[in-house]
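Here is coords19.tsv, consisting of TSV, C-alpha atoms:
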```
chain	number	residue	atom	x	y	z
A	1	MET	CA	-29.99	76.20	23.80
A	2	THR	CA	-29.20	72.78	25.29
A	3	THR	CA	-26.16	72.73	27.55
A	4	MET	CA	-24.09	69.92	29.02
A	5	THR	CA	-25.60	70.54	32.47
A	6	THR	CA	-29.09	69.68	31.22
A	7	ILE	CA	-28.03	66.37	29.70
A	8	PRO	CA	-28.22	63.37	32.06
A	9	PRO	CA	-24.57	62.58	32.93
A	10	PHE	CA	-24.76	58.87	32.08
A	11	SER	CA	-26.80	59.18	28.91
A	12	ALA	CA	-25.42	58.21	25.51
A	13	GLU	CA	-25.48	61.86	24.45
A	14	ALA	CA	-23.30	62.91	27.39
A	15	PHE	CA	-20.92	60.05	26.60
A	16	ARG	CA	-20.81	61.13	22.95
A	17	ARG	CA	-19.83	64.68	23.92
A	18	ARG	CA	-17.20	63.55	26.40
A	19	ALA	CA	-15.75	61.10	23.86
A	20	ARG	CA	-15.44	63.71	21.14
A	21	ARG	CA	-13.92	66.24	23.52
A	22	GLN	CA	-11.17	63.91	24.73
A	23	THR	CA	-10.51	62.61	21.21
A	24	GLN	CA	-9.99	66.17	19.96
A	25	ALA	CA	-7.37	66.57	22.68
A	26	GLY	CA	-5.34	63.92	20.84
A	27	VAL	CA	-4.48	60.27	21.31
A	28	ALA	CA	-0.72	60.63	20.77
A	29	GLU	CA	0.02	60.40	24.48
A	30	PRO	CA	2.05	58.05	26.71
A	31	ASP	CA	0.65	54.55	26.53
A	32	TYR	CA	-2.00	53.41	28.92
A	33	GLY	CA	-2.01	49.78	29.91
A	34	ASP	CA	-1.28	47.08	32.44
A	35	HIS	CA	2.09	48.65	33.24
A	36	ARG	CA	0.32	51.55	35.00
A	37	PHE	CA	-0.89	49.09	37.64
A	38	ASN	CA	2.33	47.03	37.65
A	39	PRO	CA	5.28	49.42	37.29
A	40	ASP	CA	8.60	47.69	36.57
A	41	HIS	CA	7.00	44.24	36.50
A	42	PRO	CA	9.24	41.84	34.48
A	43	ARG	CA	6.20	40.50	32.60
A	44	LEU	CA	6.00	43.87	30.85
A	45	LYS	CA	9.65	44.09	29.79
A	46	LEU	CA	8.94	43.28	26.15
A	47	ASN	CA	12.46	44.12	24.99
A	48	GLY	CA	12.56	43.93	21.20
A	49	VAL	CA	9.13	42.30	21.05
A	50	ARG	CA	6.77	43.81	18.50
A	51	LEU	CA	3.39	44.47	20.06
A	52	ARG	CA	0.54	42.86	18.13
A	53	PRO	CA	-2.08	45.42	16.99
A	54	ALA	CA	-5.68	44.90	18.07
A	55	ALA	CA	-8.87	46.96	18.33
A	56	VAL	CA	-11.95	46.72	20.50
A	57	LEU	CA	-15.30	48.46	20.26
A	58	ILE	CA	-16.67	50.15	23.37
A	59	PRO	CA	-20.42	50.03	22.53
A	60	VAL	CA	-22.48	52.42	24.67
A	61	VAL	CA	-26.14	51.61	24.07
A	62	ASP	CA	-28.54	54.56	24.00
A	63	HIS	CA	-31.33	53.89	26.49
A	64	GLY	CA	-32.26	57.51	27.13
A	65	ASP	CA	-31.12	58.93	30.46
A	66	GLU	CA	-29.23	55.77	31.49
A	67	ALA	CA	-26.95	54.23	28.86
A	68	THR	CA	-25.42	50.78	29.10
A	69	VAL	CA	-22.20	49.20	27.87
A	70	LEU	CA	-22.42	46.03	25.78
A	71	LEU	CA	-19.94	43.33	26.78
A	72	THR	CA	-19.34	39.72	25.76
A	73	LYS	CA	-18.33	36.54	27.53
A	74	ARG	CA	-15.74	34.69	25.47
A	75	SER	CA	-16.38	31.09	24.52
A	76	GLU	CA	-15.22	28.37	26.90
A	77	THR	CA	-13.70	26.57	23.89
A	78	LEU	CA	-11.24	29.32	22.95
A	79	ARG	CA	-7.53	28.70	23.47
A	80	ASN	CA	-6.79	32.07	25.09
A	81	HIS	CA	-8.71	34.10	27.71
A	82	THR	CA	-11.32	31.35	27.91
A	83	GLY	CA	-14.64	32.47	29.35
A	84	GLN	CA	-13.45	35.98	30.17
A	85	VAL	CA	-15.59	39.10	29.84
A	86	ALA	CA	-14.43	41.27	26.95
A	87	PHE	CA	-15.32	44.04	24.57
A	88	PRO	CA	-16.07	42.86	21.04
A	89	GLY	CA	-12.90	43.08	19.00
A	90	GLY	CA	-9.70	41.32	18.05
A	91	ARG	CA	-6.53	41.54	16.02
A	92	ILE	CA	-6.12	44.19	13.35
A	93	ASP	CA	-5.58	42.40	10.04
A	94	ALA	CA	-3.21	43.70	7.37
A	95	THR	CA	-6.26	44.33	5.17
A	96	ASP	CA	-7.98	46.53	7.78
A	97	PRO	CA	-7.51	50.19	6.75
A	98	THR	CA	-8.04	51.58	10.27
A	99	PRO	CA	-8.50	50.37	13.86
A	100	GLU	CA	-12.10	51.57	13.65
A	101	TYR	CA	-12.70	49.32	10.65
A	102	ALA	CA	-11.15	46.37	12.49
A	103	ALA	CA	-13.28	46.95	15.59
A	104	LEU	CA	-16.48	47.10	13.52
A	105	ARG	CA	-15.49	44.03	11.51
A	106	GLU	CA	-14.73	41.99	14.60
A	107	THR	CA	-17.96	43.12	16.26
A	108	GLN	CA	-19.95	41.95	13.26
A	109	GLU	CA	-18.11	38.62	13.22
A	110	GLU	CA	-18.45	37.97	16.96
A	111	ILE	CA	-21.95	39.16	17.84
A	112	GLY	CA	-23.60	40.14	14.54
A	113	LEU	CA	-24.21	43.77	15.50
A	114	PRO	CA	-24.88	45.59	12.18
A	115	ASP	CA	-22.84	48.71	11.38
A	116	ARG	CA	-26.01	50.73	10.77
A	117	PHE	CA	-26.70	50.72	14.52
A	118	ILE	CA	-23.19	51.93	15.43
A	119	ASP	CA	-21.95	55.53	15.47
A	120	VAL	CA	-18.20	55.76	16.08
A	121	VAL	CA	-17.62	58.85	18.23
A	122	GLY	CA	-13.91	58.75	19.01
A	123	ARG	CA	-10.88	56.81	20.20
A	124	MET	CA	-8.88	56.51	23.36
A	125	PRO	CA	-5.09	56.20	23.47
A	126	ASP	CA	-3.83	52.69	22.88
A	127	TYR	CA	-3.84	50.26	25.79
A	128	VAL	CA	-0.82	47.93	26.09
A	129	SER	CA	-1.61	44.55	27.61
A	130	GLY	CA	0.70	42.27	29.52
A	131	THR	CA	0.08	39.63	26.85
A	132	GLY	CA	1.81	41.73	24.20
A	133	TYR	CA	-1.05	43.51	22.45
A	134	ARG	CA	-1.41	47.19	21.59
A	135	ILE	CA	-5.17	47.69	21.74
A	136	ALA	CA	-7.01	50.61	20.15
A	137	PRO	CA	-10.25	51.26	22.11
A	138	VAL	CA	-12.86	52.63	19.66
A	139	LEU	CA	-15.67	54.61	21.30
A	140	SER	CA	-19.18	54.27	19.91
A	141	VAL	CA	-22.86	54.92	20.56
A	142	VAL	CA	-25.26	52.14	19.60
A	143	LYS	CA	-28.90	52.71	18.68
A	144	PRO	CA	-31.34	50.34	20.41
A	145	GLY	CA	-33.50	47.92	18.45
A	146	PHE	CA	-30.70	45.64	17.26
A	147	HIS	CA	-30.76	41.84	17.36
A	148	LEU	CA	-27.50	40.02	18.03
A	149	THR	CA	-26.37	36.82	16.36
A	150	LEU	CA	-23.59	35.35	18.48
A	151	ASN	CA	-20.79	33.36	16.91
A	152	PRO	CA	-20.65	30.31	19.23
A	153	ASP	CA	-17.03	29.64	18.30
A	154	GLU	CA	-16.04	32.97	19.85
A	155	VAL	CA	-18.77	34.19	22.21
A	156	ASP	CA	-20.93	32.39	24.77
A	157	ALA	CA	-23.02	35.39	25.81
A	158	ALA	CA	-23.54	39.14	25.44
A	159	PHE	CA	-24.91	41.36	28.18
A	160	GLU	CA	-25.28	45.02	29.12
A	161	VAL	CA	-23.95	46.82	32.20
A	162	PRO	CA	-25.13	50.30	33.23
A	163	LEU	CA	-22.64	52.98	32.25
A	164	ARG	CA	-23.31	54.62	35.62
A	165	PHE	CA	-22.08	51.48	37.41
A	166	LEU	CA	-18.90	51.19	35.34
A	167	MET	CA	-18.05	54.89	35.68
A	168	ASP	CA	-18.36	54.83	39.50
A	169	PRO	CA	-14.90	54.31	41.05
A	170	VAL	CA	-16.56	52.76	44.10
A	171	ASN	CA	-17.11	49.69	41.90
A	172	HIS	CA	-13.46	49.50	40.80
A	173	ARG	CA	-11.67	46.99	43.00
A	174	GLN	CA	-8.00	46.14	42.75
A	175	GLY	CA	-7.22	42.44	42.78
A	176	SER	CA	-4.04	40.45	42.29
A	177	ARG	CA	-2.65	37.01	41.57
A	178	MET	CA	0.79	35.48	41.49
A	179	TRP	CA	2.73	35.26	38.21
A	180	ASN	CA	6.10	33.46	38.35
A	181	ASP	CA	6.19	34.12	42.11
A	182	LEU	CA	5.51	37.84	41.59
A	183	GLU	CA	2.28	39.72	42.30
A	184	TRP	CA	0.28	40.88	39.25
A	185	VAL	CA	-2.24	43.66	40.00
A	186	PHE	CA	-5.42	44.26	38.01
A	187	TYR	CA	-8.83	45.89	38.31
A	188	GLU	CA	-12.06	43.95	38.65
A	189	MET	CA	-15.70	45.08	38.59
A	190	PRO	CA	-18.09	42.21	39.41
A	191	TYR	CA	-21.61	42.78	38.12
A	192	GLY	CA	-24.69	40.55	37.89
A	193	GLY	CA	-22.75	37.34	38.33
A	194	GLN	CA	-20.15	38.32	35.71
A	195	ARG	CA	-16.52	38.95	36.60
A	196	ILE	CA	-15.21	41.95	34.66
A	197	TRP	CA	-11.46	42.01	35.20
A	198	GLY	CA	-8.03	42.15	33.61
A	199	VAL	CA	-7.56	44.11	30.38
A	200	THR	CA	-11.29	44.77	29.99
A	201	ALA	CA	-11.49	46.30	33.46
A	202	GLY	CA	-8.24	48.19	32.81
A	203	ILE	CA	-9.73	49.78	29.70
A	204	ILE	CA	-12.90	50.65	31.63
A	205	ARG	CA	-10.80	52.24	34.36
A	206	THR	CA	-8.92	54.26	31.73
A	207	LEU	CA	-12.26	55.32	30.21
A	208	TYR	CA	-13.36	56.55	33.65
A	209	GLU	CA	-10.11	58.46	34.21
A	210	ARG	CA	-10.23	60.21	30.82
A	211	LEU	CA	-13.95	60.94	30.52
A	212	TYR	CA	-15.54	60.98	33.97
A	213	ALA	CA	-12.95	61.52	36.71
```

Just give me the structure as structure tokens.
Amino acid sequence: MTTMTTIPPFSAEAFRRRARRQTQAGVAEPDYGDHRFNPDHPRLKLNGVRLRPAAVLIPVVDHGDEATVLLTKRSETLRNHTGQVAFPGGRIDATDPTPEYAALRETQEEIGLPDRFIDVVGRMPDYVSGTGYRIAPVLSVVKPGFHLTLNPDEVDAAFEVPLRFLMDPVNHRQGSRMWNDLEWVFYEMPYGGQRIWGVTAGIIRTLYERLYA
């Protein structure tokens, strides 16, 4: 009988098992989000403001013993978060029946990754961003052999980062910048010339804490 100890720790199968185990524990928990790194910061005092619902797909690509995570670089022509590294995803529309549906829809629209390659394996608790979004991170395993078709209006590039790298806290740096004369703290994880930071890095850090810490 195959046991967890015989499965390579950063394989897609190990990720699948960890994802299902933490999802079964329930997602109705205190919010994760930027406020965990910036307690009592006035930017996060959204008194009376309705958080906008969004969903992102965390696509872990099955490459045998060493899985990767598929990320995108947002288009330089976008109005918000120009050129930033992100998970595929976006706002949840009123016609989307579930966050999972929204994440898959947005992934198809942004990078053309067909649903038949994607196996949704769980969810993490929502992540609240300092920009006023409540983001549902949808966990998935992606079969290799796909061909992406990037939407140039939304995405400039797509690339893969080893899961092992992202789940190693040694690679999780804390950075900061000034916001209205106050310090704003965030995580960043530079890799291969790409700067992974902000909400994307915060979600990755949360993924590490829940599944691998």

Show me a table, sorted first by chain and then by increasing residue number, of the residues of segment 99-140 of chain A having an atom at most 12 Å from segment 67-70 of chain A, each with its shortest atom pair and the distance in Å to one decimal, counting only C-alpha atoms and written as a Markdown table.
```
| residue | atom | partner | partner_atom | distance |
| --- | --- | --- | --- | --- |
| A:Thr107 | CA | A:Leu70 | CA | 10.9 |
| A:Ile111 | CA | A:Leu70 | CA | 10.5 |
| A:Leu113 | CA | A:Leu70 | CA | 10.7 |
| A:Ile118 | CA | A:Leu70 | CA | 11.9 |
| A:Leu139 | CA | A:Val69 | CA | 10.7 |
| A:Ser140 | CA | A:Val69 | CA | 9.9 |
```

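Using all atoms listed in the file, the shortest contact distance between Arg50 of chain A and any of A:Val199, A:Asp119, A:Glu66, A:Gly132 is found at A:Gly132.
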
Against segment 5-15 of chain A, which residues of segment 95-138 of chain A fall within 12 Å? For each one I want the closest pair of atoms and the distance in Å (one decimal), counting only C-alpha atoms, rows by chain and increasing residue number, as CSV.
```
residue,atom,partner,partner_atom,distance
A:Asp119,CA,A:Ala12,CA,11.0
A:Val120,CA,A:Phe15,CA,11.7
A:Val121,CA,A:Phe15,CA,9.1
A:Gly122,CA,A:Phe15,CA,10.4
```

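For the pair atom CA of Asp156 of chain A and atom CA of Lys73 of chain A, the interatomic distance is 5.6 Å.
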
Write out, as CSV, each residue of segment 115-189 of chain A that has an atom at most 9 Å from segment 84-102 of chain A, together with the closest pair of atoms and their distance in Å to one decimal, counting all atoms listed in the file, rows going by chain and rising number.
```
residue,atom,partner,partner_atom,distance
A:Val120,CA,A:Glu100,CA,7.8
A:Arg123,CA,A:Glu100,CA,8.5
A:Tyr133,CA,A:Arg91,CA,8.7
A:Ile135,CA,A:Arg91,CA,8.5
A:Ala136,CA,A:Pro99,CA,6.5
A:Pro137,CA,A:Pro99,CA,8.5
A:Val138,CA,A:Glu100,CA,6.1
A:Leu139,CA,A:Glu100,CA,9.0
```

Inset, instruction - Find, counting only C-alpha atoms, the residue in A:Val128, A:Arg164, A:Ala54, A:Glu106 that gets nearest to Gly198 of chain A. - result: A:Val128
